Every structure is written in C-alpha cells, then in structure tokens.
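> Please see the structure below; I have some questions.
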Amino acid sequence: MTNPASARNNIAVIDVGKTNAKLALVDGNTLTEMAVVTRPNTVLPAPPYPHFDLKGHWAFFLNHLATFQANHGVDAISITTHGASIVLLQEDGALATPMLDYEHPGPDSLADTYSALRPGFAETGSPHLPGGLNGGAQLHWLFETDPALLARTRHIITYPQYWGFRLTGHVACDVTSLGCHTDLWNPWEAKPSSLVERLGISEKLAAAQNASDIQGPLTRTVCQATGLSPDTPVTCGIHDSNASLVPHLSQNGDPISVVSTGTWVVCMAVGGQPKHLDAARDTLVNVNAFGTPVPSARFMGGREYEMIRNGAQASPTETDRASVLANDVMLLPSVVSDSGPFAGRKMRWTHAPETDGQRIYALSLYLAMMTDTCLELAGGKGTTVVEGPFAKNADYIDMLAVLRPDGVETASSATGTSVGAAMLLVNSGRAETTRALTPPTKADLMRYAQNWRNRVASHVS
C-alpha cells in the first residue's frame with residue numbers, strides 16, 4: 001500500500017533507540033518537533049534471557065498518543081527503531097518469545113555453527129558481529145535453544161513493524177531494517193538472502209516493504225484508547241540510522257556524509273564512490289528508504305561517552321583544553337572493544353587526565369577521531385552532517401570540522417531520527433535545517449589528530 005498524498009499537519013513518531021524510547025510530535029509543515037516525551041529503554045533480566053520491555057513501551061505510547069491527540073491532534077503516525085531486532089509472533093498475534101536484547105552474548109555460544117550457515121559479506125554487506133547484532137544469529141540461537149519455537153512462530157517481523165502491527169494489526173518487514181546487518185537481506189538484488197531458506201523461515205518472514213508504505217489504518221482498540229481517528233495512516237517504518245538519512249536523500253546527487261549519533265554512531269556515505277569495505281572493521285552496507293545500498297561504518301560512540309564520562313558533569317575550561325592539546329592527553333581505542341573500527345583493542349590513556357574537564361575534552365576529541373576513521377572507511381565524501389546528541393558537543397564538532405575538508409554541518413532537530421521518520425509522510429525537499437560551521441584554524445588540533453592516528457597505527461601508548 002503506497003502513501004496517499006494528503007495533508008499531514010501533526011505527525012506522531014514512535015522513535016525507539018537503544019537507550020531511550022521516545023514519542024515525538026512533528027509539525028508536518030515545518031518539520032520541527034512540537035513535543036517529545038521519553039522513557040528509558042530498560043532491558044528486562046531473564047528469564048528466559050534479557051529482553052526489551054515491549055509491554056511497558058506500548059502503555060507509554062498509547063498514553064502519550066492520547067495526550068498528543070487531546071492537546072494538538074494527531075493526523076498520522078510514523079515509526080523508527082534501532083536495528084538488530086527481530087520480533088516473533090504466534091498465529092494469534094501474541095509474542096512467540098520475548099524480543100531478545102541484541103547485546104546478550106547467548107548467540108556467541110553457537111557462533112561456529114552459525115558461521116557455517118550465514119552467507120558471505122559479498123552477498124549481504126553484513127559483517128559477522130558478536131552477540132545478537134546479526135538478526136540471523138538471533139534467530140538461529142532462539143530456534144536451537146527452544147526447539148518448539150519455530151513451529152509456534154507464524155510471523156517474523158522487523159522491529160519498526162512490530163509497533164505498526166500493534167497499531168494496525170498488519171504484519172510486514174521494511175527494507176531498511178532487513179538491510180541492517182541482519183544477514184537476511186541481499187541489498188544488491190533487493191531480496192531475502194540465502195540464509196532465509198537455510199533457516200527454514202521463507203514462509204514466516206513477512207514481506208519487505210518500503211519504509212514510506214502505509215502499513216494500515218488504526219485498529220478499533222487503539223482508536224478507543226487514544227481518541228485518534230480510525231483513518232489515521234501508519235507508515236511501515238524505518239531503521240533509525242536510515243531515518244537520519246531521509247532529510248538528505250532529496251539532494252541533487254552530490255555526495256554527502258551523514259553521521260547519526262546516539263548509542264551508536266553510524267557514518268553513512270551517500271552518493272560517493274565507496275572504497276572496498278572491510279568487514280573486520282565494522283563496515284557494512286545499510287539500505288536507505290528508497291532501497292538503495294549505502295556504504296556505512298559505525299562504533300558505539302554514545303555508549304563510550306557514557307562509560308568514560310562516568311556521570312561527570314564538568315565542562316572543559318580553556319586551561320583543560322590547552323593542557324590536553326599540549327601534553328597529548330589521548331584516549332586510544334577501543335572503549336567498547338567488541339565492535340567498531342578497532343575491535344579487539346583495549347582502551348588506554350596516553351596520560352591520565354588531571355581533571356574531569358580534561359577527561360571530557362579528550363573524550364570529545366577521541367569521538368571525533370573515531371567518527372573520522374569511520375567516514376574514511378565508508379568512503380564518505382562531501383559535506384558531513386552530524387545529527388543527534390553529538391551535534392551539540394562543540395569540542396567534538398570543532399575537531400571534526402578540522403578533519404573533514406568538505407565542511408561540517410549540524411542538524412537542528414532535537415531528535416533527527418524523528419524528523420526523518422516524519423518525512424516519510426510528507427512530500428518535501430531537504431527540509432531539516434542545518435548549521436554550517438567554520439573549521440577552527442588551530443594547528444594544535446591537527447597536530448593532535450595526526451599524533452592520535454600515529455599512536456593508533458603503531459599501538460604506541
């Protein structure tokens with residue numbers, strides 16, 4: 001079902017990131033957020049394994065959809081979620097099993113047998129990742145550890161479409177979520193990979209749709225709970241990093257690099273000539289809203305920020321900055337060591353920071369250096385647009401502006417993924433406001449960056 005052309009003034013966006021679940025109300029005319037509410041995306045402990053709180057999220061979404069409807073009116077709903085997540089449904093629509101947290105190491109116990117099943121990187125553009133980061137690894141582990149699960153599973157759907165199912169009663173997958181290192185999708189031929197047949201799920205995996213397709217109108221139950229009209233359209237939905245790309249896909253074809261920041265920092269090279277992607281360095285092929293392959297690289301930058309910050313609220317002073325640059329106080333990769341371009345390395349400091357401000361400043365420079373590394377690996381060219389929380393980190397942006405000669409811009413929205421998801425429902429050009437930045441002329445930043453690269457290349461601390 002294709003999105004009909006009609007006015008959508010107020011678009012509610014279900015936006016589930018790995019850290020927080022959000023509901024945003026986006027003005028369909030100005031593409032600015034009118035309201036945003038959040039709740040932690042808390043992982044519930046076993047049994048049967050760590051899983052996401054879908055029940056709690058659903059109550060939260062219904063409650064605030066009702067509030068948005070009462071206070072503003074809701075004309076349409078769009079959906080975006082983190083990737084690496086698969087939902088299994090029984091015939092009656094109930095969960096066949098809880099939705100596995102992709103960071104659970106359980107699938108690693110069957111990594112050898114899964115490796116014999118999964119297609120190669122050339123077919124899927126999907127590297128072999130730890131835990132449940134490959135959707136196919138999740139399914140293999142779940143079916144092997146619960147032999148009755150495959151039989152009781154009627155539908156296998158990707159995560160955005162689970163919320164679409166709760167809202168509309170219709171099942172689907174979307175190409176961006178299937179194309180998010182699941183091993184289940186061939187991005188070059190836009191069809192399921194050979195793994196789908198090997199896992200015996202060809203008849204259970206819901207059909208792939210475009211992110212902007214309408215999954216259906218609201219069910220009567222949802223209308224009664226929220227006050228929304230039964231004619232309210234609901235998009236099929238989109239993987240969150242690809243939602244960040246949507247405002248930039250209507251460009252005139254010039255290359256652009258988009259850095260989506262959150263728990264994951266995902267660097268996507270749109271319209272450029274990619275280098276040979278190195279699966280061992282957490283490069284991958286994403287699939288954008290139009291179904292087009294997008295070379296990408298990523299690291300867990302938001303998680304790393306929180307780990308090193310460790311609750312500190314300090315803001316670096318000019319003295320802190322000067323000391324870090326003069327003394328080469330550097331954080332070297334990797335803080336999260338099981339993913340990213342330097343997987344397997346253990347983080348280390350060249351010199352211990354003397355203040356919290358020094359630590360925060362060196363951390364910001366580290367995150368910029370890691371982002372630049374990922375952009376290089378993905379073949380990123382053209383203007384670099386940073387969206388999400390890191391866009392507000394001036395020290396991070398300053399360093400990145402020094403490193404990216406084609407220019408850096410920051411997206412203005414508080415939740416860039418929400419704007420991108422809302423744009424699935426409106427026909428407009430590149431609508432998200434960005435702010436162009438003048439790179440600092442500080443030679444000491446470039447010198448620091450070169451020293452960081454040299455130390456990383458030689459493993460010298």
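FYI, nothing fancy with the structure tokens labels: chains A, B, ... in order, residues from 1 per chain, ligands from 1 as they appear.
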Fewer than 3 positions away in the same chain doesn't count, so skip those; otherwise give me all residues within 6 Å of range 9-17 of chain A, counting only C-alpha atoms, as a PyMOL selection string.
chain A and resi 20-28+74-82+418
> Keeping only C-alpha atoms, write those residues as a PDB file, in the first residue's frame.

ATOM      1  CA  ASN A  20      15.520   5.597  25.206  1.00  0.00           C
ATOM      2  CA  ALA A  21      12.053   5.135  23.782  1.00  0.00           C
ATOM      3  CA  LYS A  22      10.524   8.373  22.544  1.00  0.00           C
ATOM      4  CA  LEU A  23       7.283   9.690  21.195  1.00  0.00           C
ATOM      5  CA  ALA A  24       7.663  12.930  19.252  1.00  0.00           C
ATOM      6  CA  LEU A  25       5.018  15.124  17.658  1.00  0.00           C
ATOM      7  CA  VAL A  26       6.367  16.668  14.468  1.00  0.00           C
ATOM      8  CA  ASP A  27       4.783  19.557  12.580  1.00  0.00           C
ATOM      9  CA  GLY A  28       4.376  18.207   9.055  1.00  0.00           C
ATOM     10  CA  VAL A  74      -2.597  13.640  15.503  1.00  0.00           C
ATOM     11  CA  ASP A  75      -3.018  13.244  11.739  1.00  0.00           C
ATOM     12  CA  ALA A  76      -0.599  10.382  11.076  1.00  0.00           C
ATOM     13  CA  ILE A  77       1.919   8.090  12.774  1.00  0.00           C
ATOM     14  CA  SER A  78       5.408   7.165  11.647  1.00  0.00           C
ATOM     15  CA  ILE A  79       7.790   4.710  13.280  1.00  0.00           C
ATOM     16  CA  THR A  80      11.544   4.365  13.636  1.00  0.00           C
ATOM     17  CA  THR A  81      13.513   1.988  15.850  1.00  0.00           C
ATOM     18  CA  HIS A  82      17.019   0.701  16.446  1.00  0.00           C
ATOM     19  CA  SER A 418      12.021  11.646  14.360  1.00  0.00           C
TER      20      SER A 418
END
> When you look at Leu365 in chain A with a cut-off of 7 Å (counting only C-alpha atoms), what residues show up, excluding the ones that are within fewer than 5 positions of it in the same chain? I need them as an NGL selection string.
:A and (395-396 or 399)
> Can you write out the residues you just picked, keeping C-alpha atoms, as a PDB file, in the first residue's frame?

ATOM      1  CA  ASP A 395      34.517  20.279  21.072  1.00  0.00           C
ATOM      2  CA  TYR A 396      33.579  17.200  19.046  1.00  0.00           C
ATOM      3  CA  MET A 399      37.716  18.640  15.811  1.00  0.00           C
TER       4      MET A 399
END
> Quick one: of A:Asn393, A:Thr384, A:Thr263, A:Thr145, who's nearest to Leu245 in chain A, counting only C-alpha atoms?
A:Thr384
> In range 78-204 of chain A, what's strand (DSSP E or B) per DSSP? Answer as a list in words?
Ser78, Ile79, Thr80, Thr81, Ile86, Val87, Leu88, Leu89, Leu95, Leu100, His155, Ile156, Ile157, Thr158, Cys173, Asp174, Trp185, Asn186, Lys191 and Pro192 of chain A
> Mind the document's chain letters and residue numbers, and return as a count of residues only the residues of range 20-230 of chain A that DSSP labels helix (DSSP H, G or I).
75
> Using only C-alpha atoms, can you tell me which of A:His181, A:His155, A:Arg455, A:His72 comes closest to His239 in chain A?
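Closest candidate: A:His181.
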> Quick one: which range 187-284 of chain A residues come within 10 Å of range 114-119 of chain A, and what is the nearest atom pair for each with the distance in Å to one decimal, counting only C-alpha atoms, rows ordered by chain and ascending number, as a tab-separated table?

residue	atom	partner	partner_atom	distance
A:Ser193	CA	A:Pro119	CA	7.5
A:Ser194	CA	A:Pro119	CA	6.7
A:Leu195	CA	A:Arg118	CA	5.9
A:Val196	CA	A:Arg118	CA	9.4
A:Arg198	CA	A:Leu117	CA	7.0
A:Leu199	CA	A:Leu117	CA	8.2
> Using only C-alpha atoms, I'd like a table of the residues in range 223-260 of chain A that come within 12 Å of range 293-304 of chain A; for each, show the closest atom pair and its distance in Å rounded to one decimal, ordered by chain and ascending number, as a tab-separated table.

residue	atom	partner	partner_atom	distance
A:Ser241	CA	A:Ser296	CA	10.2
A:Asn242	CA	A:Val294	CA	9.4
A:Leu245	CA	A:Val294	CA	10.0
A:Leu249	CA	A:Val294	CA	11.2
A:Pro255	CA	A:Val294	CA	11.4
A:Ile256	CA	A:Val294	CA	11.1
A:Ser257	CA	A:Ser296	CA	9.5
A:Val258	CA	A:Ser296	CA	9.6
A:Val259	CA	A:Arg298	CA	9.2
A:Ser260	CA	A:Arg298	CA	9.4
> As an NGL selection string, please: the residues near Thr153 in chain A (cut-off 12 Å, only C-alpha atoms, same-chain neighbours under 4 positions excluded).
:A and (87-98 or 139 or 142-143 or 146-149 or 157 or 200-201 or 203-206)
> Just to be explicit: take each residue in the selection above, keep C-alpha atoms, and write the result as a PDB file, in the first residue's frame.

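Generated output (out-v7.pdb):
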ATOM      1  CA  VAL A  87      10.050  -9.970  16.730  1.00  0.00           C
ATOM      2  CA  LEU A  88       8.414 -13.391  16.507  1.00  0.00           C
ATOM      3  CA  LEU A  89       4.616 -13.620  16.605  1.00  0.00           C
ATOM      4  CA  GLN A  90       2.269 -16.525  17.123  1.00  0.00           C
ATOM      5  CA  GLU A  91      -0.815 -17.091  14.989  1.00  0.00           C
ATOM      6  CA  ASP A  92      -2.924 -15.111  17.478  1.00  0.00           C
ATOM      7  CA  GLY A  93      -0.548 -12.125  17.356  1.00  0.00           C
ATOM      8  CA  ALA A  94       0.986 -12.715  20.780  1.00  0.00           C
ATOM      9  CA  LEU A  95       4.742 -12.846  21.156  1.00  0.00           C
ATOM     10  CA  ALA A  96       6.100 -16.297  20.376  1.00  0.00           C
ATOM     11  CA  THR A  97       9.069 -15.399  22.596  1.00  0.00           C
ATOM     12  CA  PRO A  98      10.284 -12.162  24.209  1.00  0.00           C
ATOM     13  CA  LEU A 139      17.009 -16.452  15.049  1.00  0.00           C
ATOM     14  CA  LEU A 142      16.496 -18.868  19.525  1.00  0.00           C
ATOM     15  CA  PHE A 143      15.392 -21.789  17.365  1.00  0.00           C
ATOM     16  CA  ASP A 146      13.920 -23.628  22.056  1.00  0.00           C
ATOM     17  CA  PRO A 147      13.139 -26.439  19.593  1.00  0.00           C
ATOM     18  CA  ALA A 148       9.390 -25.728  19.717  1.00  0.00           C
ATOM     19  CA  LEU A 149       9.767 -22.027  18.848  1.00  0.00           C
ATOM     20  CA  ILE A 157       8.902  -9.188  11.542  1.00  0.00           C
ATOM     21  CA  GLY A 200      13.564 -22.577   7.190  1.00  0.00           C
ATOM     22  CA  ILE A 201      11.717 -19.277   7.567  1.00  0.00           C
ATOM     23  CA  GLU A 203       7.121 -18.741   4.703  1.00  0.00           C
ATOM     24  CA  LYS A 204       7.341 -16.949   8.045  1.00  0.00           C
ATOM     25  CA  LEU A 205       9.388 -13.848   7.240  1.00  0.00           C
ATOM     26  CA  ALA A 206       6.906 -11.071   6.488  1.00  0.00           C
TER      27      ALA A 206
END
> Do you know which residues are at most 9 Å from Ala207 in chain A counting only C-alpha atoms, after dropping those on the same chain fewer than 3 positions away, and could you put them as an MDAnalysis selection string?
chainID A and resid 157 171:174
